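Data block for start18.pdb (PDB, C-alpha atoms):
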ATOM      1  CA  ALA A   1      -6.077   2.240 -28.514
ATOM      2  CA  ASN A   2      -2.481   3.031 -29.486
ATOM      3  CA  MET A   3      -3.535   2.647 -33.134
ATOM      4  CA  LEU A   4      -5.250   6.004 -32.842
ATOM      5  CA  ASP A   5      -3.236   8.961 -34.053
ATOM      6  CA  LYS A   6      -1.817  11.289 -31.406
ATOM      7  CA  PRO A   7      -1.307  14.542 -33.367
ATOM      8  CA  ALA A   8      -0.326  16.619 -30.304
ATOM      9  CA  LEU A   9       2.868  14.624 -29.599
ATOM     10  CA  PRO A  10       5.058  15.915 -32.475
ATOM     11  CA  VAL A  11       3.966  19.504 -31.707
ATOM     12  CA  TRP A  12       4.827  19.023 -28.007
ATOM     13  CA  ALA A  13       8.231  17.450 -28.818
ATOM     14  CA  ASN A  14       9.024  20.261 -31.296
ATOM     15  CA  LYS A  15       8.089  22.942 -28.717
ATOM     16  CA  LEU A  16      10.476  21.382 -26.176
ATOM     17  CA  GLY A  17      13.174  21.177 -28.867
ATOM     18  CA  LEU A  18      12.802  24.917 -29.523
ATOM     19  CA  GLN A  19      13.291  25.485 -25.771
ATOM     20  CA  GLY A  20      16.490  23.388 -25.901
ATOM     21  CA  ILE A  21      15.022  20.511 -23.884
ATOM     22  CA  ASP A  22      15.629  16.889 -24.888
ATOM     23  CA  SER A  23      12.030  15.649 -25.167
ATOM     24  CA  SER A  24      12.946  11.987 -24.565
ATOM     25  CA  LYS A  25      14.639  12.791 -21.230
ATOM     26  CA  PHE A  26      11.886  15.252 -20.289
ATOM     27  CA  ARG A  27       9.187  12.713 -21.073
ATOM     28  CA  ASP A  28      11.002   9.933 -19.248
ATOM     29  CA  ASP A  29      11.313  12.002 -16.057
ATOM     30  CA  LYS A  30       7.675  13.122 -16.219
ATOM     31  CA  ALA A  31       6.607   9.559 -17.095
ATOM     32  CA  ASP A  32       8.562   8.232 -14.095
ATOM     33  CA  ILE A  33       6.909  10.775 -11.798
ATOM     34  CA  GLY A  34       3.517   9.756 -13.189
ATOM     35  CA  THR A  35       4.274   6.046 -12.782
ATOM     36  CA  LEU A  36       5.337   6.567  -9.159
ATOM     37  CA  ALA A  37       2.317   8.781  -8.348
ATOM     38  CA  HIS A  38       0.089   6.052  -9.806
ATOM     39  CA  GLU A  39       1.914   3.464  -7.657
ATOM     40  CA  MET A  40       1.443   5.622  -4.520
ATOM     41  CA  ILE A  41      -2.319   5.879  -5.098
ATOM     42  CA  LEU A  42      -2.731   2.140  -5.720
ATOM     43  CA  ALA A  43      -0.500   1.262  -2.732
ATOM     44  CA  HIS A  44      -2.588   3.573  -0.524
ATOM     45  CA  LEU A  45      -5.843   1.962  -1.693
ATOM     46  CA  SER A  46      -4.336  -1.525  -1.224
ATOM     47  CA  LYS A  47      -2.993  -0.590   2.224
ATOM     48  CA  ARG A  48       0.599  -1.416   1.322
ATOM     49  CA  LYS A  49       3.849   0.554   1.188
ATOM     50  CA  PRO A  50       4.645   2.044  -2.266
ATOM     51  CA  GLU A  51       7.801   0.843  -4.014
ATOM     52  CA  THR A  52       9.977   3.945  -4.399
ATOM     53  CA  GLU A  53      13.525   2.546  -4.526
ATOM     54  CA  ASP A  54      13.926   2.963  -8.313
ATOM     55  CA  TYR A  55      13.257   6.722  -8.207
ATOM     56  CA  SER A  56      15.299   9.853  -7.454
ATOM     57  CA  LYS A  57      14.499  12.105  -4.494
ATOM     58  CA  ASN A  58      13.166  14.787  -6.871
ATOM     59  CA  GLN A  59      10.893  12.261  -8.569
ATOM     60  CA  ILE A  60       9.639  10.997  -5.194
ATOM     61  CA  ASP A  61       8.939  14.568  -4.033
ATOM     62  CA  ALA A  62       7.052  15.386  -7.255
ATOM     63  CA  ALA A  63       5.083  12.120  -7.064
ATOM     64  CA  GLU A  64       4.193  12.838  -3.420
ATOM     65  CA  ASN A  65       2.744  16.198  -4.517
ATOM     66  CA  SER A  66       0.653  14.341  -7.099
ATOM     67  CA  PHE A  67      -0.440  11.855  -4.457
ATOM     68  CA  LEU A  68      -1.486  14.729  -2.145
ATOM     69  CA  SER A  69      -3.757  16.098  -4.877
ATOM     70  CA  TYR A  70      -5.387  12.649  -5.056
ATOM     71  CA  LEU A  71      -5.847  12.612  -1.251
ATOM     72  CA  GLU A  72      -7.599  16.009  -1.440
ATOM     73  CA  TRP A  73     -10.060  14.477  -3.904
ATOM     74  CA  GLU A  74     -10.451  11.313  -1.799
ATOM     75  CA  LYS A  75     -11.443  13.331   1.310
ATOM     76  CA  GLN A  76     -14.600  14.431  -0.494
ATOM     77  CA  HIS A  77     -15.822  10.868  -1.187
ATOM     78  CA  ILE A  78     -16.751   7.598   0.515
ATOM     79  CA  ILE A  79     -14.467   5.036  -1.095
ATOM     80  CA  GLU A  80     -14.869   1.276  -0.730
ATOM     81  CA  PRO A  81     -12.478  -0.679  -2.985
ATOM     82  CA  LYS A  82     -13.410  -4.213  -4.054
ATOM     83  CA  LEU A  83     -10.490  -4.842  -6.429
ATOM     84  CA  ILE A  84      -7.295  -2.804  -6.880
ATOM     85  CA  GLU A  85      -4.768  -3.396  -9.702
ATOM     86  CA  HIS A  86      -6.783  -6.427 -10.740
ATOM     87  CA  GLN A  87      -5.639  -8.312 -13.823
ATOM     88  CA  THR A  88      -8.214 -10.404 -15.636
ATOM     89  CA  VAL A  89      -9.230 -11.606 -19.101
ATOM     90  CA  SER A  90     -12.434 -11.832 -21.071
ATOM     91  CA  GLU A  91     -12.778 -15.266 -22.630
ATOM     92  CA  ILE A  92     -15.787 -13.996 -24.604
ATOM     93  CA  TYR A  93     -14.034 -11.038 -26.248
ATOM     94  CA  LYS A  94     -10.433 -12.383 -26.166
ATOM     95  CA  TYR A  95      -8.618  -9.542 -24.404
ATOM     96  CA  GLY A  96      -7.280  -8.825 -20.951
ATOM     97  CA  GLY A  97      -6.259  -5.932 -18.825
ATOM     98  CA  ALA A  98      -5.405  -4.695 -15.368
ATOM     99  CA  PHE A  99      -7.761  -2.020 -14.135
ATOM    100  CA  ASP A 100      -6.851   0.343 -11.297
ATOM    101  CA  PHE A 101      -9.992   0.440  -9.161
ATOM    102  CA  TYR A 102     -13.289  -1.387  -8.960
ATOM    103  CA  GLY A 103     -15.541  -0.643  -6.021
ATOM    104  CA  SER A 104     -17.971   1.915  -4.768
ATOM    105  CA  ILE A 105     -17.521   5.648  -4.618
ATOM    106  CA  ASP A 106     -20.272   7.443  -2.750
ATOM    107  CA  GLU A 107     -22.217   4.148  -2.738
ATOM    108  CA  THR A 108     -22.163   3.770  -6.520
ATOM    109  CA  LEU A 109     -20.332   0.869  -8.209
ATOM    110  CA  GLU A 110     -17.538   2.176 -10.441
ATOM    111  CA  ILE A 111     -14.470   1.440 -12.478
ATOM    112  CA  VAL A 112     -11.887   4.188 -11.945
ATOM    113  CA  ASP A 113      -8.775   4.722 -14.015
ATOM    114  CA  PHE A 114      -6.034   6.909 -12.535
ATOM    115  CA  LYS A 115      -4.122   8.808 -15.177
ATOM    116  CA  THR A 116      -1.224  11.184 -14.779
ATOM    117  CA  GLY A 117      -0.488  13.749 -17.404
ATOM    118  CA  SER A 118      -1.888  16.839 -18.990
ATOM    119  CA  GLY A 119      -5.460  15.790 -19.637
ATOM    120  CA  ILE A 120      -8.202  13.286 -20.308
ATOM    121  CA  TYR A 121      -8.497  12.217 -23.943
ATOM    122  CA  ASP A 122     -11.348  10.490 -25.778
ATOM    123  CA  GLU A 123      -9.368   7.302 -26.471
ATOM    124  CA  MET A 124      -8.892   6.792 -22.711
ATOM    125  CA  TRP A 125     -12.603   6.001 -22.480
ATOM    126  CA  LEU A 126     -12.156   3.056 -24.868
ATOM    127  CA  GLN A 127      -9.788   1.487 -22.342
ATOM    128  CA  VAL A 128     -12.133   2.206 -19.410
ATOM    129  CA  ALA A 129     -15.070   0.717 -21.346
ATOM    130  CA  ALA A 130     -12.988  -2.425 -21.965
ATOM    131  CA  TYR A 131     -12.136  -2.626 -18.250
ATOM    132  CA  GLY A 132     -15.827  -2.358 -17.423
ATOM    133  CA  LYS A 133     -16.592  -5.472 -19.488
ATOM    134  CA  LEU A 134     -13.970  -7.427 -17.522
ATOM    135  CA  ILE A 135     -16.265  -7.175 -14.480
ATOM    136  CA  THR A 136     -18.980  -9.769 -14.937
ATOM    137  CA  THR A 137     -20.284 -10.060 -11.356
ATOM    138  CA  ASP A 138     -22.116  -6.740 -10.973
ATOM    139  CA  PRO A 139     -23.320  -4.079 -13.382
ATOM    140  CA  ILE A 140     -21.030  -1.029 -13.385
ATOM    141  CA  GLN A 141     -23.060   2.101 -12.657
ATOM    142  CA  ARG A 142     -20.371   4.707 -13.343
ATOM    143  CA  TYR A 143     -17.002   5.055 -15.014
ATOM    144  CA  ARG A 144     -14.479   7.650 -13.864
ATOM    145  CA  ILE A 145     -11.115   8.939 -14.997
ATOM    146  CA  LEU A 146      -9.057  10.954 -12.540
ATOM    147  CA  ASN A 147      -6.226  12.911 -14.115
ATOM    148  CA  ILE A 148      -3.591  13.532 -11.442
ATOM    149  CA  PRO A 149      -1.130  16.380 -12.126
ATOM    150  CA  ARG A 150       2.616  15.626 -12.038
ATOM    151  CA  THR A 151       3.876  19.199 -12.219
ATOM    152  CA  GLU A 152       2.715  22.738 -11.414
ATOM    153  CA  ASP A 153       1.603  23.364 -15.017
ATOM    154  CA  GLU A 154      -0.824  20.405 -15.001
ATOM    155  CA  SER A 155      -4.159  20.430 -13.201
ATOM    156  CA  PHE A 156      -6.391  17.881 -11.499
ATOM    157  CA  LYS A 157      -9.214  16.814 -13.802
ATOM    158  CA  GLU A 158     -12.072  14.389 -13.359
ATOM    159  CA  GLU A 159     -14.632  13.026 -15.791
ATOM    160  CA  VAL A 160     -17.502  10.671 -15.030
ATOM    161  CA  LYS A 161     -19.719   8.788 -17.492
ATOM    162  CA  THR A 162     -22.568   6.347 -16.980
ATOM    163  CA  ASP A 163     -22.805   4.749 -20.423
ATOM    164  CA  LEU A 164     -19.796   3.561 -22.395
ATOM    165  CA  SER A 165     -21.602   1.186 -24.753
ATOM    166  CA  LEU A 166     -20.504   3.068 -27.894
ATOM    167  CA  HIS A 167     -16.953   3.292 -26.543
ATOM    168  CA  PHE A 168     -16.942  -0.467 -25.989
ATOM    169  CA  GLU A 169     -18.258  -1.005 -29.519
ATOM    170  CA  ALA A 170     -15.388   1.149 -30.840
ATOM    171  CA  PHE A 171     -12.921  -0.803 -28.673
ATOM    172  CA  LEU A 172     -14.178  -4.096 -30.155
ATOM    173  CA  LYS A 173     -13.714  -2.740 -33.678
ATOM    174  CA  LEU A 174     -10.127  -1.747 -32.828
ATOM    175  CA  LEU A 175      -9.592  -5.192 -31.313
ATOM    176  CA  ASP A 176     -10.910  -6.804 -34.521
ATOM    177  CA  PHE A 177      -8.560  -4.580 -36.511
ATOM    178  CA  TYR A 178      -5.651  -5.573 -34.256
ATOM    179  CA  TYR A 179      -6.255  -9.305 -34.828
ATOM    180  CA  LEU A 180      -6.861  -8.807 -38.549
ATOM    181  CA  ASN A 181      -3.648  -6.788 -38.846
ATOM    182  CA  LYS A 182      -1.714  -9.605 -37.108
ATOM    183  CA  GLN A 183      -3.067 -12.062 -39.702
ATOM    184  CA  ILE A 184      -2.111  -9.720 -42.559
ATOM    185  CA  LYS A 185       1.474  -9.417 -41.221
ATOM    186  CA  LYS A 186       1.794 -13.222 -40.994
ATOM    187  CA  GLY A 187       1.114 -13.284 -44.727
TER     188      GLY A 187
END
Whole structure, structure tokens version:
Amino acid sequence: ANMLDKPALPVWANKLGLQGIDSSKFRDDKADIGTLAHEMILAHLSKRKPETEDYSKNQIDAAENSFLSYLEWEKQHIIEPKLIEHQTVSEIYKYGGAFDFYGSIDETLEIVDFKTGSGIYDEMWLQVAAYGKLITTDPIQRYRILNIPRTEDESFKEEVKTDLSLHFEAFLKLLDFYYLNKQIKKG
């Protein structure tokens, strides 16, 4: 999905530059907070202690705030994980991935992707659709993306879909393009 254009990024980087902020450092700190918040959620669901030793106290505090916003959401649902952070491959389609959550939420079988950042974007659904096809034991009934805020200016967002067949078709076309492009570069 990284072959898709991300037109907002240069605008965002330029805006930070005008404010005198080094966008690479700003992004790295926010990215680290997001990575740790993601780790805290998955550790919680896996009933293990999160690995925080590579992070500053400020990053840990910010990530804990993100994690608390997840816990507020979790309180409103019945959650039964089957697989957390599960890495697998599709022999049929020739790709692999590690999805965040597979299990039931409110007694409905779902794939859930936890994202941190400023929103939920269309191309994220291509990834979730691909994750859904990695589960071959049971039919997935719902797909969900939870966007967990890292900072005060971001907000908690949630989107749920029941049919990602067109998204999966688009993913396969991108996958075909990826393999074709590799052949072209080999010459």
Contacts between segment 174-180 of chain A and segment 57-144 of chain A, please, where a residue of segment 57-144 of chain A counts if it comes within 10 Å (with all atoms listed in the file); show its shortest atom pair and distance in Å to one decimal, rows by chain and ascending number, as a Markdown table.
| residue | atom | partner | partner_atom | distance |
| --- | --- | --- | --- | --- |
| A:Tyr93 | CA | A:Leu175 | CA | 8.9 |
| A:Lys94 | CA | A:Leu175 | CA | 8.9 |
| A:Tyr95 | CA | A:Leu175 | CA | 8.2 |
| A:Leu126 | CA | A:Leu174 | CA | 9.5 |
Tell me which residues the PyMOL selection byres ((chain A and resi 36) around 8) grabs here, as JSON, numbers by chain. {"A": [32, 33, 34, 35, 37, 38, 39, 40, 52, 55, 59, 60, 63]}
Which residues match the PyMOL selection byres ((chain A and resi 141) around 9) in the file above, as a list in words?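 Output of the PyMOL selection byres ((chain A and resi 141) around 9): Thr108, Leu109, Glu110, Ile111, Pro139, Ile140, Arg142, Tyr143, Lys161, Thr162 and Asp163 of chain A.
Among A:Ser56, A:Asn181, A:Asn147, A:Thr88, the residue with the shortest atom-to-atom distance to Tyr121 of chain A, counting all atoms listed in the file, is A:Asn147.
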List the spatial neighbours of Tyr70 of chain A as a ChimeraX atom specification - criterion: any atom at most 9 Å away, all atoms listed in the file, same-chain residues fewer than 6 positions off excluded. /A:41,146,148,156
Dump as a JSON list (two decimals), in the frame of the given file, selection limited to C-alpha atoms:
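Below is the file out.json, written as the result:
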[["chain", "number", "residue", "atom", "x", "y", "z"],
["A", 41, "ILE", "CA", -2.32, 5.88, -5.10],
["A", 146, "LEU", "CA", -9.06, 10.95, -12.54],
["A", 148, "ILE", "CA", -3.59, 13.53, -11.44],
["A", 156, "PHE", "CA", -6.39, 17.88, -11.50]]
Box centre and edge lengths (Å, one decimal), axis-aligned, segment 77-91 of chain A plus 4 Å each side, as lines of an AutoDock Vina configuration file:
center_x = -10.8
center_y = -2.2
center_z = -11.1
size_x = 20.0
size_y = 34.1
size_z = 31.1
Near-segment 98-103 of chain A list (6 Å; all atoms listed in the file; drop same-chain fewer than 2 positions) as a compact mmCIF listing (two decimals) with C-alpha atoms, in the frame of the given file:
# COMPACT_ATOMS: atom_id res chain seq x y z
CA GLU A 80 -14.87 1.28 -0.73
CA PRO A 81 -12.48 -0.68 -2.98
CA LYS A 82 -13.41 -4.21 -4.05
CA LEU A 83 -10.49 -4.84 -6.43
CA ILE A 84 -7.30 -2.80 -6.88
CA GLU A 85 -4.77 -3.40 -9.70
CA HIS A 86 -6.78 -6.43 -10.74
CA GLN A 87 -5.64 -8.31 -13.82
CA LEU A 109 -20.33 0.87 -8.21
CA GLU A 110 -17.54 2.18 -10.44
CA ILE A 111 -14.47 1.44 -12.48
CA VAL A 112 -11.89 4.19 -11.94
CA ASP A 113 -8.78 4.72 -14.02
Sphere at (-18.7, 3.9, -22.8), radius 10 Å, counting only C-alpha atoms: residues as a ChimeraX atom specification: /A:125-130,132,142-143,161-171
Okay, now the selection with C-alpha atoms, as an mmCIF file, keeping the file's coordinate frame?
data_model
loop_
_atom_site.group_PDB
_atom_site.id
_atom_site.type_symbol
_atom_site.label_atom_id
_atom_site.label_comp_id
_atom_site.auth_asym_id
_atom_site.auth_seq_id
_atom_site.Cartn_x
_atom_site.Cartn_y
_atom_site.Cartn_z
ATOM 1 C CA TRP A 125 -12.603 6.001 -22.480
ATOM 2 C CA LEU A 126 -12.156 3.056 -24.868
ATOM 3 C CA GLN A 127 -9.788 1.487 -22.342
ATOM 4 C CA VAL A 128 -12.133 2.206 -19.410
ATOM 5 C CA ALA A 129 -15.070 0.717 -21.346
ATOM 6 C CA ALA A 130 -12.988 -2.425 -21.965
ATOM 7 C CA GLY A 132 -15.827 -2.358 -17.423
ATOM 8 C CA ARG A 142 -20.371 4.707 -13.343
ATOM 9 C CA TYR A 143 -17.002 5.055 -15.014
ATOM 10 C CA LYS A 161 -19.719 8.788 -17.492
ATOM 11 C CA THR A 162 -22.568 6.347 -16.980
ATOM 12 C CA ASP A 163 -22.805 4.749 -20.423
ATOM 13 C CA LEU A 164 -19.796 3.561 -22.395
ATOM 14 C CA SER A 165 -21.602 1.186 -24.753
ATOM 15 C CA LEU A 166 -20.504 3.068 -27.894
ATOM 16 C CA HIS A 167 -16.953 3.292 -26.543
ATOM 17 C CA PHE A 168 -16.942 -0.467 -25.989
ATOM 18 C CA GLU A 169 -18.258 -1.005 -29.519
ATOM 19 C CA ALA A 170 -15.388 1.149 -30.840
ATOM 20 C CA PHE A 171 -12.921 -0.803 -28.673
#
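Between atom CA of Leu172 of chain A and atom CA of Gly119 of chain A lies a distance of 24.1 Å.
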As a compact mmCIF listing (two decimals), in the coordinates of the input, please: segment 156-168 of chain A completed to N, CA and C atoms.
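Output file part-v7.txt is given in full below:
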# COMPACT_ATOMS: atom_id res chain seq x y z
N PHE A 156 -5.57 19.03 -11.85
CA PHE A 156 -6.39 17.88 -11.50
C PHE A 156 -7.67 17.95 -12.33
N LYS A 157 -7.99 16.85 -13.00
CA LYS A 157 -9.21 16.81 -13.80
C LYS A 157 -9.95 15.52 -13.48
N GLU A 158 -11.26 15.57 -13.63
CA GLU A 158 -12.07 14.39 -13.36
C GLU A 158 -13.22 14.37 -14.36
N GLU A 159 -13.46 13.19 -14.93
CA GLU A 159 -14.63 13.03 -15.79
C GLU A 159 -15.35 11.75 -15.37
N VAL A 160 -16.67 11.81 -15.42
CA VAL A 160 -17.50 10.67 -15.03
C VAL A 160 -18.52 10.43 -16.13
N LYS A 161 -18.71 9.16 -16.48
CA LYS A 161 -19.72 8.79 -17.49
C LYS A 161 -20.51 7.60 -16.95
N THR A 162 -21.74 7.47 -17.42
CA THR A 162 -22.57 6.35 -16.98
C THR A 162 -22.79 5.32 -18.08
N ASP A 163 -22.58 5.69 -19.32
CA ASP A 163 -22.80 4.75 -20.42
C ASP A 163 -21.62 4.79 -21.39
N LEU A 164 -20.93 3.65 -21.47
CA LEU A 164 -19.80 3.56 -22.40
C LEU A 164 -20.05 2.50 -23.46
N SER A 165 -21.30 2.25 -23.78
CA SER A 165 -21.60 1.19 -24.75
C SER A 165 -21.03 1.49 -26.14
N LEU A 166 -21.09 2.73 -26.59
CA LEU A 166 -20.50 3.07 -27.89
C LEU A 166 -18.98 3.00 -27.85
N HIS A 167 -18.41 3.38 -26.71
CA HIS A 167 -16.95 3.29 -26.54
C HIS A 167 -16.50 1.83 -26.59
N PHE A 168 -17.30 0.95 -25.97
CA PHE A 168 -16.94 -0.47 -25.99
C PHE A 168 -17.06 -1.03 -27.41
